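J.: Here it is, the structure, as structure tokens.
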Amino acid sequence: AQSVTQLGSHVSVSEGALVLLRCNYSSSVPPYLFWYVQYPNQGLQLLLKYTSAATLVKGINGFEAEFKKSETSFHLTKPSAHMSDAAEYFCAVIRSGGYNKLIFGAGTRLAVHP
Amino acid sequence: GAVVSQHPSWVICKSGTSVKIECRSLDFQATTMFWYRQFPKQSLMLMATSNEGSKATYEQGVEKDKFLINHASLTLSTLTVTSAHPEDSSFYICSASLAGRWNTEAFFGQGTRLTVV
């Protein structure tokens with residue numbers, strides 16, 4: 001069965017600092033992985049996705065993630081944090097059986113300080 | 001990108017009443033839609049898969065008689081919380097994927113915050 005684990009429920013960085021949000025996956029088949037962002041009282045917006053093409057995936061708002069099979073990881077990074085990046089971030093994997101059912105990690109709340 | 005609209009964005013209802021939440025794909029057809037529930041400061045939990053023209057598939061532990069799902073067209077799925085109680089208060093989010101495309105991203109509605117008093 002597929003699953004994702006997000007390490008760190010809260011991450012705090014200074015504006016302009018590197019953002020690193022960690023996600024490890026477990027899957028018996030090649031996974032399809034996603035990062036979503038959620039602002040308060042809103043739905044989820046796709047940041048980027050990995051679908052077995054390039055291992056380094058670039059997304060919106062300057063975010064990128066690298067798929068590392070040897071480490072079963074799909075960490076999200078951004079070189080320079082902006083105040084507007086403060087939000088909840090979810091890593092997700094498609095559950096086997098198709099139909100695009102997503103299994104979400106517990107989420108990481110990113111705080112950005114001036 | 002594809003747009004999913006969820007309505008209402010928030011609702012307050014009295015205990016014992018029923019509440020209907022709509023999820024619409026505005027610019028694409030969605031054979032399948034999904035309903036999630038999110039408790040405060042927690043992740044999203046899949047409740048059910050809504051299939052156009054057929055019965056919904058519920059996840060283990062989700063009461064199908066409590067959460068009625070109807071997917072009458074390729075662009076609309078509804079979730080009705082029947083005989084709502086305070087413990088049903090939560091943030092409900094729907095998602096949809098492009099019809100006939102697998103292992104692609106899901107597009108999410110903006111969510112509905114339900115408060116039962």
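We name chains A, B, ... following the order of the structure tokens; residues begin at 1 in each chain, and ligands are numbered from 1 as shown.
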Can you tell me which residues surround A:Ser9 at a distance of at most 7 Å, considering only C-alpha atoms, apart from same-chain residues fewer than 5 positions away, and format the answer as a list of chain:residue names?

T.: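 Result of the neighbour search: A:Gly107, A:Thr108, A:Arg109.
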
J.: Just write the chosen residues, all heavy atoms, as a PDB file, in the first residue's frame.

T.:
```
ATOM      1  N   GLY A 107       0.880  16.802   6.623  1.00  0.00           N
ATOM      2  CA  GLY A 107       0.983  18.233   6.374  1.00  0.00           C
ATOM      3  C   GLY A 107       2.105  18.881   7.162  1.00  0.00           C
ATOM      4  O   GLY A 107       2.480  18.419   8.250  1.00  0.00           O
ATOM      5  N   THR A 108       2.650  19.935   6.593  1.00  0.00           N
ATOM      6  CA  THR A 108       3.674  20.740   7.264  1.00  0.00           C
ATOM      7  C   THR A 108       3.265  22.197   7.174  1.00  0.00           C
ATOM      8  O   THR A 108       3.026  22.704   6.071  1.00  0.00           O
ATOM      9  CB  THR A 108       5.055  20.562   6.608  1.00  0.00           C
ATOM     10  OG1 THR A 108       5.469  19.199   6.727  1.00  0.00           O
ATOM     11  CG2 THR A 108       6.078  21.469   7.278  1.00  0.00           C
ATOM     12  N   ARG A 109       3.188  22.822   8.319  1.00  0.00           N
ATOM     13  CA  ARG A 109       2.842  24.240   8.335  1.00  0.00           C
ATOM     14  C   ARG A 109       4.122  25.057   8.253  1.00  0.00           C
ATOM     15  O   ARG A 109       5.002  24.927   9.105  1.00  0.00           O
ATOM     16  CB  ARG A 109       2.069  24.593   9.595  1.00  0.00           C
ATOM     17  CG  ARG A 109       1.631  26.068   9.647  1.00  0.00           C
ATOM     18  CD  ARG A 109       0.623  26.312  10.734  1.00  0.00           C
ATOM     19  NE  ARG A 109      -0.605  25.553  10.499  1.00  0.00           N
ATOM     20  CZ  ARG A 109      -1.588  25.948   9.701  1.00  0.00           C
ATOM     21  NH1 ARG A 109      -1.486  27.095   9.047  1.00  0.00           N
ATOM     22  NH2 ARG A 109      -2.665  25.212   9.552  1.00  0.00           N
TER      23      ARG A 109
END
```

J.: Determine which residues of chain B sit within 7 Å of chain A, taking into account only C-alpha atoms, and present them as a list of chain:residue names.

T.: B:Gln42, B:Ser43, B:Leu44, B:Ile93, B:Trp102, B:Asn103, B:Thr104, B:Phe108, B:Gly109, B:Gln110, B:Gly111

J.: Quick one: residues within 9 Å of A:Glu15, only C-alpha atoms, excluding same-chain residues fewer than 2 positions away - as a PDB file with N, CA, C and O atoms, in the first residue's frame?

T.:
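Okay, this is what ended up in part-v6.pdb:
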```pdb
ATOM      1  N   VAL A  13      11.020  29.551   8.913  1.00  0.00           N
ATOM      2  CA  VAL A  13      12.210  30.091   8.255  1.00  0.00           C
ATOM      3  C   VAL A  13      12.113  31.605   8.219  1.00  0.00           C
ATOM      4  O   VAL A  13      11.036  32.183   8.367  1.00  0.00           O
ATOM      5  N   ALA A  17      15.335  32.944   3.286  1.00  0.00           N
ATOM      6  CA  ALA A  17      16.066  31.713   3.591  1.00  0.00           C
ATOM      7  C   ALA A  17      15.545  30.553   2.759  1.00  0.00           C
ATOM      8  O   ALA A  17      14.457  30.609   2.178  1.00  0.00           O
ATOM      9  N   LEU A  18      16.345  29.489   2.745  1.00  0.00           N
ATOM     10  CA  LEU A  18      15.961  28.279   2.028  1.00  0.00           C
ATOM     11  C   LEU A  18      14.780  27.604   2.713  1.00  0.00           C
ATOM     12  O   LEU A  18      14.733  27.487   3.938  1.00  0.00           O
ATOM     13  N   SER A  80      14.529  30.785  -1.798  1.00  0.00           N
ATOM     14  CA  SER A  80      14.359  31.998  -1.013  1.00  0.00           C
ATOM     15  C   SER A  80      12.888  32.163  -0.614  1.00  0.00           C
ATOM     16  O   SER A  80      12.030  32.374  -1.464  1.00  0.00           O
ATOM     17  N   ALA A  81      12.637  32.062   0.685  1.00  0.00           N
ATOM     18  CA  ALA A  81      11.258  32.130   1.166  1.00  0.00           C
ATOM     19  C   ALA A  81      10.701  33.536   1.083  1.00  0.00           C
ATOM     20  O   ALA A  81      11.416  34.531   1.324  1.00  0.00           O
ATOM     21  N   HIS A  82       9.419  33.583   0.801  1.00  0.00           N
ATOM     22  CA  HIS A  82       8.700  34.856   0.777  1.00  0.00           C
ATOM     23  C   HIS A  82       7.584  34.772   1.810  1.00  0.00           C
ATOM     24  O   HIS A  82       7.081  33.696   2.108  1.00  0.00           O
ATOM     25  N   MET A  83       7.207  35.924   2.320  1.00  0.00           N
ATOM     26  CA  MET A  83       6.151  35.939   3.333  1.00  0.00           C
ATOM     27  C   MET A  83       4.884  35.245   2.844  1.00  0.00           C
ATOM     28  O   MET A  83       4.176  34.581   3.610  1.00  0.00           O
ATOM     29  N   VAL A 112       6.870  31.921   7.880  1.00  0.00           N
ATOM     30  CA  VAL A 112       7.955  32.736   7.351  1.00  0.00           C
ATOM     31  C   VAL A 112       8.025  34.024   8.166  1.00  0.00           C
ATOM     32  O   VAL A 112       7.037  34.759   8.250  1.00  0.00           O
ATOM     33  N   HIS A 113       9.186  34.262   8.751  1.00  0.00           N
ATOM     34  CA  HIS A 113       9.355  35.431   9.604  1.00  0.00           C
ATOM     35  C   HIS A 113      10.168  36.511   8.899  1.00  0.00           C
ATOM     36  O   HIS A 113      11.072  36.195   8.140  1.00  0.00           O
ATOM     37  N   PRO A 114       9.844  37.771   9.169  1.00  0.00           N
ATOM     38  CA  PRO A 114      10.586  38.879   8.532  1.00  0.00           C
ATOM     39  C   PRO A 114      12.061  38.867   8.941  1.00  0.00           C
ATOM     40  O   PRO A 114      12.413  38.404  10.015  1.00  0.00           O
TER      41      PRO A 114
END
```

J.: If DSSP is run on the backbone, what residues of chain B are strand (DSSP E)? A reply as a ChimeraX atom specification would be ideal.

T.: /B:4-7,10-13,19-25,32-38,44-51,57-58,67-73,76-81,90-96,107-108,112-116
